[in-house]
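Text of upload.cif, listed as mmCIF, C-alpha atoms and all ligand atoms:
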```cif
data_model
loop_
_atom_site.label_atom_id
_atom_site.label_comp_id
_atom_site.auth_asym_id
_atom_site.auth_seq_id
_atom_site.Cartn_x
_atom_site.Cartn_y
_atom_site.Cartn_z
CA MET Y 1 -5.13 -1.31 -21.46
CA THR Y 2 -1.84 -1.06 -19.71
CA ASN Y 3 1.42 -2.86 -20.43
CA LYS Y 4 3.03 -1.57 -17.30
CA TYR Y 5 4.18 -3.66 -14.38
CA MET Y 6 1.51 -3.07 -11.73
CA TYR Y 7 1.29 -3.54 -7.96
CA PHE Y 8 -1.88 -4.77 -6.28
CA ILE Y 9 -1.61 -4.49 -2.55
CA ALA Y 10 -4.30 -5.90 -0.30
CA ASN Y 11 -4.66 -4.09 3.02
CA TRP Y 12 -6.87 -6.30 5.15
CA LYS Y 13 -6.78 -3.88 8.09
CA MET Y 14 -8.24 -5.56 11.24
CA PHE Y 15 -10.10 -8.27 9.33
CA GLY Y 16 -9.48 -11.95 8.73
CA ASN Y 17 -8.76 -15.17 10.59
CA LEU Y 18 -7.13 -18.49 9.81
CA ARG Y 19 -10.20 -19.68 7.91
CA THR Y 20 -10.14 -16.58 5.66
CA LEU Y 21 -6.83 -17.75 4.21
CA ASN Y 22 -8.61 -20.56 2.33
CA SER Y 23 -10.24 -17.95 0.13
CA LEU Y 24 -6.83 -17.05 -1.31
CA ASP Y 25 -6.58 -20.30 -3.25
CA SER Y 26 -8.47 -18.70 -6.13
CA VAL Y 27 -6.05 -15.74 -6.20
CA ILE Y 28 -3.07 -18.13 -6.24
CA LYS Y 29 -4.67 -20.04 -9.12
CA PHE Y 30 -5.36 -16.80 -10.97
CA SER Y 31 -1.79 -15.58 -10.47
CA ASN Y 32 -0.35 -18.90 -11.71
CA SER Y 33 -2.52 -18.83 -14.81
CA SER Y 34 -1.75 -15.19 -15.71
CA LYS Y 35 1.43 -15.78 -17.65
CA LYS Y 36 1.22 -12.66 -19.80
CA ASN Y 37 0.22 -10.09 -17.22
CA LYS Y 38 2.93 -8.33 -15.32
CA PHE Y 39 1.91 -7.71 -11.76
CA LYS Y 40 2.89 -8.14 -8.15
CA ILE Y 41 0.30 -9.09 -5.54
CA ILE Y 42 1.13 -8.32 -1.92
CA TYR Y 43 -1.18 -9.33 0.91
CA CYS Y 44 -0.95 -7.31 4.10
CA PRO Y 45 -3.03 -9.19 6.68
CA PRO Y 46 -3.15 -8.55 10.43
CA ASN Y 47 0.03 -9.65 12.24
CA THR Y 48 -1.66 -12.82 13.49
CA LEU Y 49 -1.86 -14.11 9.91
CA ILE Y 50 1.57 -13.18 8.57
CA ARG Y 51 3.24 -16.49 9.48
CA PRO Y 52 0.48 -18.84 8.26
CA LEU Y 53 0.00 -16.77 5.13
CA SER Y 54 3.68 -16.65 4.24
CA LYS Y 55 3.86 -20.44 4.65
CA ARG Y 56 0.84 -20.86 2.41
CA LEU Y 57 2.25 -18.55 -0.26
CA LYS Y 58 5.74 -20.04 -0.20
CA LYS Y 59 5.68 -21.58 -3.66
CA THR Y 60 3.57 -18.85 -5.23
CA LYS Y 61 4.29 -15.44 -6.71
CA LEU Y 62 2.24 -13.71 -4.01
CA LEU Y 63 4.04 -11.82 -1.28
CA VAL Y 64 3.22 -10.90 2.29
CA GLY Y 65 3.46 -7.56 4.05
CA ALA Y 66 2.60 -6.07 7.43
CA GLN Y 67 0.43 -3.05 8.21
CA ASN Y 68 2.45 -1.22 10.85
CA CYS Y 69 5.23 -1.68 13.40
CA HIS Y 70 6.73 -0.18 16.52
CA HIS Y 71 9.45 2.37 15.75
CA ASN Y 72 12.06 0.73 17.97
CA GLU Y 73 14.39 -1.41 15.88
CA ASN Y 74 15.48 -3.44 18.91
CA TYR Y 75 13.59 -5.73 21.23
CA GLY Y 76 12.31 -3.95 24.30
CA ALA Y 77 9.71 -3.50 26.98
CA PHE Y 78 6.86 -2.29 24.75
CA THR Y 79 3.82 -4.32 25.75
CA GLY Y 80 1.58 -5.26 22.86
CA SER Y 81 3.99 -4.02 20.20
CA VAL Y 82 5.85 -5.72 17.38
CA ASN Y 83 8.90 -4.30 15.62
CA ALA Y 84 9.99 -4.55 12.00
CA LYS Y 85 12.54 -7.30 12.47
CA MET Y 86 9.93 -9.48 14.20
CA LEU Y 87 7.66 -9.03 11.17
CA LYS Y 88 10.51 -9.89 8.82
CA ASP Y 89 11.23 -12.96 10.91
CA VAL Y 90 7.72 -14.36 10.36
CA GLY Y 91 7.72 -13.78 6.61
CA ALA Y 92 6.81 -10.16 5.86
CA LYS Y 93 8.64 -8.67 2.88
CA TYR Y 94 6.80 -5.34 2.80
CA ILE Y 95 5.24 -3.03 5.36
CA ILE Y 96 2.54 -0.37 5.06
CA LEU Y 97 3.54 2.70 7.08
CA GLY Y 98 1.87 6.07 7.59
CA HIS Y 99 -1.64 4.83 6.93
CA SER Y 100 -4.15 7.57 7.71
CA GLU Y 101 -6.01 5.28 10.12
CA ASN Y 102 -2.86 5.31 12.24
CA ARG Y 103 -2.15 8.98 11.63
CA GLN Y 104 -5.67 9.69 12.91
CA SER Y 105 -4.82 8.01 16.19
CA GLY Y 106 -1.81 10.22 16.72
CA GLU Y 107 0.97 8.89 14.49
CA THR Y 108 3.14 11.81 13.42
CA ASP Y 109 5.43 12.20 10.39
CA LYS Y 110 8.36 12.07 12.81
CA LEU Y 111 7.28 8.72 14.20
CA ILE Y 112 6.61 7.39 10.70
CA ASN Y 113 10.14 8.46 9.73
CA LEU Y 114 11.56 6.41 12.63
CA LYS Y 115 9.41 3.43 11.65
CA ILE Y 116 10.59 3.63 8.03
CA LYS Y 117 14.21 3.69 9.14
CA SER Y 118 13.72 0.69 11.41
CA ALA Y 119 11.86 -1.23 8.68
CA ILE Y 120 14.57 -0.53 6.09
CA LYS Y 121 17.17 -1.75 8.59
CA ALA Y 122 15.16 -4.92 9.09
CA GLY Y 123 15.15 -5.51 5.33
CA LEU Y 124 11.51 -4.71 4.64
CA LYS Y 125 10.28 -2.77 1.65
CA ILE Y 126 8.10 0.22 2.51
CA ILE Y 127 4.66 1.20 1.30
CA LEU Y 128 4.40 4.78 2.56
CA CYS Y 129 0.85 6.18 2.64
CA ILE Y 130 0.31 9.89 2.17
CA GLY Y 131 -2.83 11.91 1.54
CA GLU Y 132 -4.90 14.91 2.49
CA THR Y 133 -8.04 15.07 4.63
CA LEU Y 134 -11.30 16.46 3.29
CA ASN Y 135 -10.74 19.65 5.23
CA GLU Y 136 -7.29 20.09 3.71
CA LYS Y 137 -8.66 19.40 0.24
CA ARG Y 138 -11.39 22.02 0.72
CA LYS Y 139 -8.75 24.54 1.71
CA ASN Y 140 -6.75 23.69 -1.45
CA LYS Y 141 -3.90 22.40 0.67
CA THR Y 142 -3.44 19.02 -0.99
CA ASN Y 143 -0.03 19.73 -2.53
CA GLN Y 144 1.20 21.40 0.63
CA VAL Y 145 0.19 18.38 2.71
CA LEU Y 146 1.73 15.87 0.29
CA ALA Y 147 4.99 17.83 0.13
CA LYS Y 148 5.21 18.03 3.92
CA GLN Y 149 4.46 14.35 4.45
CA ILE Y 150 7.04 13.30 1.84
CA LYS Y 151 9.70 15.60 3.25
CA ASN Y 152 9.17 14.69 6.91
CA CYS Y 153 8.49 10.99 6.57
CA LEU Y 154 11.53 10.44 4.34
CA LYS Y 155 13.90 12.76 6.19
CA SER Y 156 17.52 11.50 6.12
CA ILE Y 157 16.55 8.42 4.14
CA ASN Y 158 18.90 8.19 1.19
CA LYS Y 159 18.00 4.76 -0.07
CA LYS Y 160 14.61 5.37 -1.63
CA SER Y 161 14.71 2.37 -3.97
CA ASP Y 162 12.89 0.20 -1.41
CA ILE Y 163 10.02 2.64 -1.04
CA VAL Y 164 6.66 2.65 -2.78
CA ILE Y 165 4.36 5.62 -2.27
CA ALA Y 166 0.62 5.06 -1.90
CA TYR Y 167 -1.43 8.20 -2.44
CA GLU Y 168 -4.56 7.73 -0.36
CA PRO Y 169 -6.76 10.79 0.04
CA VAL Y 170 -8.22 10.32 3.53
CA TRP Y 171 -11.71 11.30 2.35
CA SER Y 172 -11.71 8.54 -0.27
CA ILE Y 173 -10.96 5.68 2.13
CA GLY Y 174 -14.01 3.50 2.71
CA THR Y 175 -16.39 6.13 1.37
CA GLY Y 176 -16.92 4.96 -2.21
CA LEU Y 177 -15.55 8.31 -3.40
CA ILE Y 178 -12.53 8.69 -5.64
CA PRO Y 179 -10.83 11.90 -6.79
CA LYS Y 180 -11.70 13.42 -10.15
CA LEU Y 181 -9.31 11.78 -12.58
CA ASP Y 182 -7.84 15.08 -13.57
CA ASN Y 183 -7.06 15.96 -9.96
CA LEU Y 184 -5.67 12.50 -9.30
CA SER Y 185 -3.32 12.76 -12.30
CA LYS Y 186 -2.13 16.12 -11.05
CA SER Y 187 -1.47 14.82 -7.55
CA ILE Y 188 0.47 11.84 -8.91
CA SER Y 189 2.59 14.15 -11.09
CA PHE Y 190 3.14 16.42 -8.12
CA ILE Y 191 4.38 13.48 -6.03
CA LYS Y 192 6.60 12.22 -8.87
CA ASN Y 193 8.14 15.66 -9.31
CA LYS Y 194 9.06 15.78 -5.64
CA PHE Y 195 11.45 12.88 -6.28
CA GLY Y 196 12.94 14.12 -9.54
CA LYS Y 197 14.45 11.48 -11.80
CA LYS Y 198 14.44 8.75 -9.17
CA SER Y 199 10.70 8.64 -8.62
CA PRO Y 200 9.49 5.61 -6.68
CA LYS Y 201 6.49 3.56 -7.78
CA ILE Y 202 3.29 5.44 -7.01
CA LEU Y 203 0.04 3.69 -6.20
CA TYR Y 204 -3.45 4.98 -5.61
CA GLY Y 205 -5.63 3.83 -2.69
CA GLY Y 206 -9.14 4.75 -1.58
CA SER Y 207 -12.38 2.94 -2.51
CA VAL Y 208 -10.81 1.08 -5.44
CA ASN Y 209 -13.38 -1.40 -6.74
CA GLY Y 210 -14.47 -3.36 -9.80
CA ASN Y 211 -16.47 -0.42 -11.12
CA ASN Y 212 -14.12 2.52 -10.79
CA ILE Y 213 -11.00 0.56 -11.83
CA ALA Y 214 -12.00 1.08 -15.46
CA GLN Y 215 -11.37 4.82 -14.99
CA LEU Y 216 -8.45 4.58 -12.60
CA LYS Y 217 -6.42 2.29 -14.84
CA ASP Y 218 -6.34 5.01 -17.49
CA ILE Y 219 -4.03 7.10 -15.35
CA ASN Y 220 -0.77 6.07 -16.98
CA SER Y 221 1.46 7.49 -14.28
CA LEU Y 222 0.08 5.04 -11.69
CA ASP Y 223 2.02 1.89 -10.86
CA GLY Y 224 -0.78 0.08 -9.08
CA PHE Y 225 -3.39 0.13 -6.35
CA LEU Y 226 -3.65 -0.26 -2.60
CA VAL Y 227 -6.99 -1.92 -2.00
CA GLY Y 228 -8.83 -2.08 1.33
CA GLY Y 229 -12.37 -3.46 1.50
CA ALA Y 230 -12.46 -5.06 -1.95
CA SER Y 231 -9.26 -7.02 -1.27
CA GLN Y 232 -10.97 -9.10 1.38
CA ASN Y 233 -13.08 -10.74 -1.27
CA SER Y 234 -10.89 -12.76 -3.64
CA LYS Y 235 -13.39 -12.57 -6.50
CA LYS Y 236 -13.55 -8.78 -6.26
CA PHE Y 237 -9.78 -8.49 -5.96
CA ILE Y 238 -9.18 -10.67 -9.02
CA ASP Y 239 -11.79 -8.65 -10.90
CA ILE Y 240 -9.85 -5.43 -10.15
CA ILE Y 241 -6.61 -7.00 -11.40
CA LYS Y 242 -8.20 -8.40 -14.54
CA LYS Y 243 -9.90 -5.12 -15.42
CA THR Y 244 -6.66 -3.19 -14.98
CA PHE Y 245 -5.21 -5.11 -17.90
CA ASN Y 246 -8.33 -5.07 -20.08
P1 LIG A 301 -10.80 1.05 0.95
O1 LIG A 301 -10.35 0.42 -0.36
O2 LIG A 301 -11.64 0.16 1.78
O3 LIG A 301 -11.36 2.42 0.72
O4 LIG A 301 -9.46 1.26 1.83
C1 LIG A 301 -8.37 1.87 1.25
C2 LIG A 301 -7.23 1.77 2.18
O5 LIG A 301 -7.23 2.35 3.25
C3 LIG A 301 -6.10 0.93 1.77
O6 LIG A 301 -4.99 1.13 2.57
#
```
Could I get this file's structure written as structure tokens?
Ligand code: 13P
Amino acid sequence: MTNKYMYFIANWKMFGNLRTLNSLDSVIKFSNSSKKNKFKIIYCPPNTLIRPLSKRLKKTKLLVGAQNCHHNENYGAFTGSVNAKMLKDVGAKYIILGHSENRQSGETDKLINLKIKSAIKAGLKIILCIGETLNEKRKNKTNQVLAKQIKNCLKSINKKSDIVIAYEPVWSIGTGLIPKLDNLSKSISFIKNKFGKKSPKILYGGSVNGNNIAQLKDINSLDGFLVGGASQNSKKFIDIIKKTFN
């Protein structure tokens, strides 16, 4: 049982359409009825749904975020791209950056750093994803990778108060696997220590579901969860939130 203030972030990835938004009514109802529980729910749908979702959530406690942006803070000739201020304009308050699915298609720490700077300028809060691949884990390089990603992605960013870190081991995403709790605790402490006294909120992401949440919630140093697949089903998502506080 936790008394902490917890984040539950739904990363819908490239799923969902206008009809899907109807399924959120049960989450809104749940959030309104949960007077005692202290949590923040942030939905990060595809860009096409940010405007309709933010309108729908206007009088609720739920917030909307984006999943990525172009690094250029200004408008420009970048066909198919959307920048941070355009996302802010349609209702996003948060943005996921550095997700491994984007890193895998060539996104570098340097580019992520530029994106973070542009998103902070636009007034968005950042959910920065970091995590090691299976290969890196096997070579015992987890801490090295985390340290490098933190250092490079947050280079020359002084204002860290608007940043949340999501530790997502790449090998745990969509696989049903989660780290051994002991290892996960150690990685979270390692990340916290990198920031010293001003540690940001740290979330875990990777195959979070209604079964493993019972174990994950016992890691006291965690401030919440970044949920992929299970967040697309409102019943499953509510179940995760409820069990975190049980
Ligand atoms: P899954 O919960 O589907 O493993 O996805 C995790 C994730 O990538 C969240 O950003």
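The interatomic distance for the pair atom CA of Y:Gly229 and atom CA of Y:Phe39 works out to 19.9 Å.
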Report as CSV the residues of stretch 153-227 of chain Y within 12 Å of stretch 130-142 of chain Y, each with its shortest atom pair and distance in Å (one decimal), using all atoms listed in the file, ordered by chain and increasing residue number.
```
residue,atom,partner,partner_atom,distance
Y:Cys153,CA,Y:Ile130,CA,9.4
Y:Leu154,CA,Y:Ile130,CA,11.4
Y:Val164,CA,Y:Ile130,CA,10.8
Y:Ile165,CA,Y:Ile130,CA,7.4
Y:Ala166,CA,Y:Ile130,CA,6.3
Y:Tyr167,CA,Y:Ile130,CA,5.2
Y:Glu168,CA,Y:Gly131,CA,4.9
Y:Pro169,CA,Y:Gly131,CA,4.4
Y:Val170,CA,Y:Thr133,CA,4.9
Y:Trp171,CA,Y:Leu134,CA,5.3
Y:Ser172,CA,Y:Leu134,CA,8.7
Y:Ile173,CA,Y:Thr133,CA,10.1
Y:Thr175,CA,Y:Leu134,CA,11.7
Y:Leu177,CA,Y:Leu134,CA,11.4
Y:Ile178,CA,Y:Leu134,CA,11.9
Y:Pro179,CA,Y:Lys137,CA,10.5
Y:Asn183,CA,Y:Thr142,CA,10.1
Y:Leu184,CA,Y:Thr142,CA,10.8
Y:Lys186,CA,Y:Thr142,CA,10.6
Y:Ser187,CA,Y:Thr142,CA,8.0
Y:Ile188,CA,Y:Gly131,CA,11.0
Y:Phe190,CA,Y:Thr142,CA,10.0
Y:Ile191,CA,Y:Ile130,CA,9.8
Y:Ile202,CA,Y:Ile130,CA,10.6
Y:Leu203,CA,Y:Ile130,CA,10.4
Y:Tyr204,CA,Y:Ile130,CA,9.9
Y:Gly205,CA,Y:Gly131,CA,9.5
Y:Gly206,CA,Y:Gly131,CA,10.0
Y:Leu226,CA,Y:Ile130,CA,11.9
```
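Computed from the coordinates, the atom CA of Y:Ile50 to atom CA of Y:Ser199 distance equals 29.2 Å.
With only C-alpha atoms and all ligand atoms as the atoms that count, the residue of Y:Pro45, Y:Gly106, Y:Gly91, Y:Pro52 with the shortest distance to ligand LIG 301 (chain A) is Y:Pro45.
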Which residues are near Y:Lys243? Cut-off 12 Å, all atoms listed in the file, ignore same chain within fewer than 2 positions. Put them as a compact mmCIF listing (two decimals) with C-alpha atoms, in the frame of the given file.
```txt
# COMPACT_ATOMS: atom_id res chain seq x y z
CA MET Y 1 -5.13 -1.31 -21.46
CA THR Y 2 -1.84 -1.06 -19.71
CA ASN Y 37 0.22 -10.09 -17.22
CA VAL Y 208 -10.81 1.08 -5.44
CA ASN Y 209 -13.38 -1.40 -6.74
CA GLY Y 210 -14.47 -3.36 -9.80
CA ASN Y 211 -16.47 -0.42 -11.12
CA ASN Y 212 -14.12 2.52 -10.79
CA ILE Y 213 -11.00 0.56 -11.83
CA ALA Y 214 -12.00 1.08 -15.46
CA GLN Y 215 -11.37 4.82 -14.99
CA LEU Y 216 -8.45 4.58 -12.60
CA LYS Y 217 -6.42 2.29 -14.84
CA ASP Y 218 -6.34 5.01 -17.49
CA LYS Y 236 -13.55 -8.78 -6.26
CA PHE Y 237 -9.78 -8.49 -5.96
CA ILE Y 238 -9.18 -10.67 -9.02
CA ASP Y 239 -11.79 -8.65 -10.90
CA ILE Y 240 -9.85 -5.43 -10.15
CA ILE Y 241 -6.61 -7.00 -11.40
CA PHE Y 245 -5.21 -5.11 -17.90
CA ASN Y 246 -8.33 -5.07 -20.08
```
With a distance cut-off of 6 Å and all atoms listed in the file, select the neighbouring residues of Y:Ala84, excluding the residue or stretch itself and same-chain residues fewer than 2 positions from it, and output the selection as a PDB file with C-alpha atoms, in the coordinates of the input.
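Produced file out_19.pdb, reproduced below:
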```pdb
ATOM      1  CA  CYS Y  69       5.230  -1.680  13.400  1.00  0.00           C
ATOM      2  CA  MET Y  86       9.930  -9.480  14.200  1.00  0.00           C
ATOM      3  CA  LEU Y  87       7.660  -9.030  11.170  1.00  0.00           C
ATOM      4  CA  ALA Y 119      11.860  -1.230   8.680  1.00  0.00           C
ATOM      5  CA  ALA Y 122      15.160  -4.920   9.090  1.00  0.00           C
TER       6      ALA Y 122
END
```
Determine the nearest neighbour of Y:Leu21 from the options Y:Lys201, Y:Arg56, Y:Lys4, Y:Lys61, counting only C-alpha atoms. Y:Arg56
Exercise: Y:Ala92 partners within 12 Å, only C-alpha atoms, chain neighbours under 6 positions left out, as a ChimeraX atom specification: /Y:42-55,57-58,62-69,83-86,119,122-126
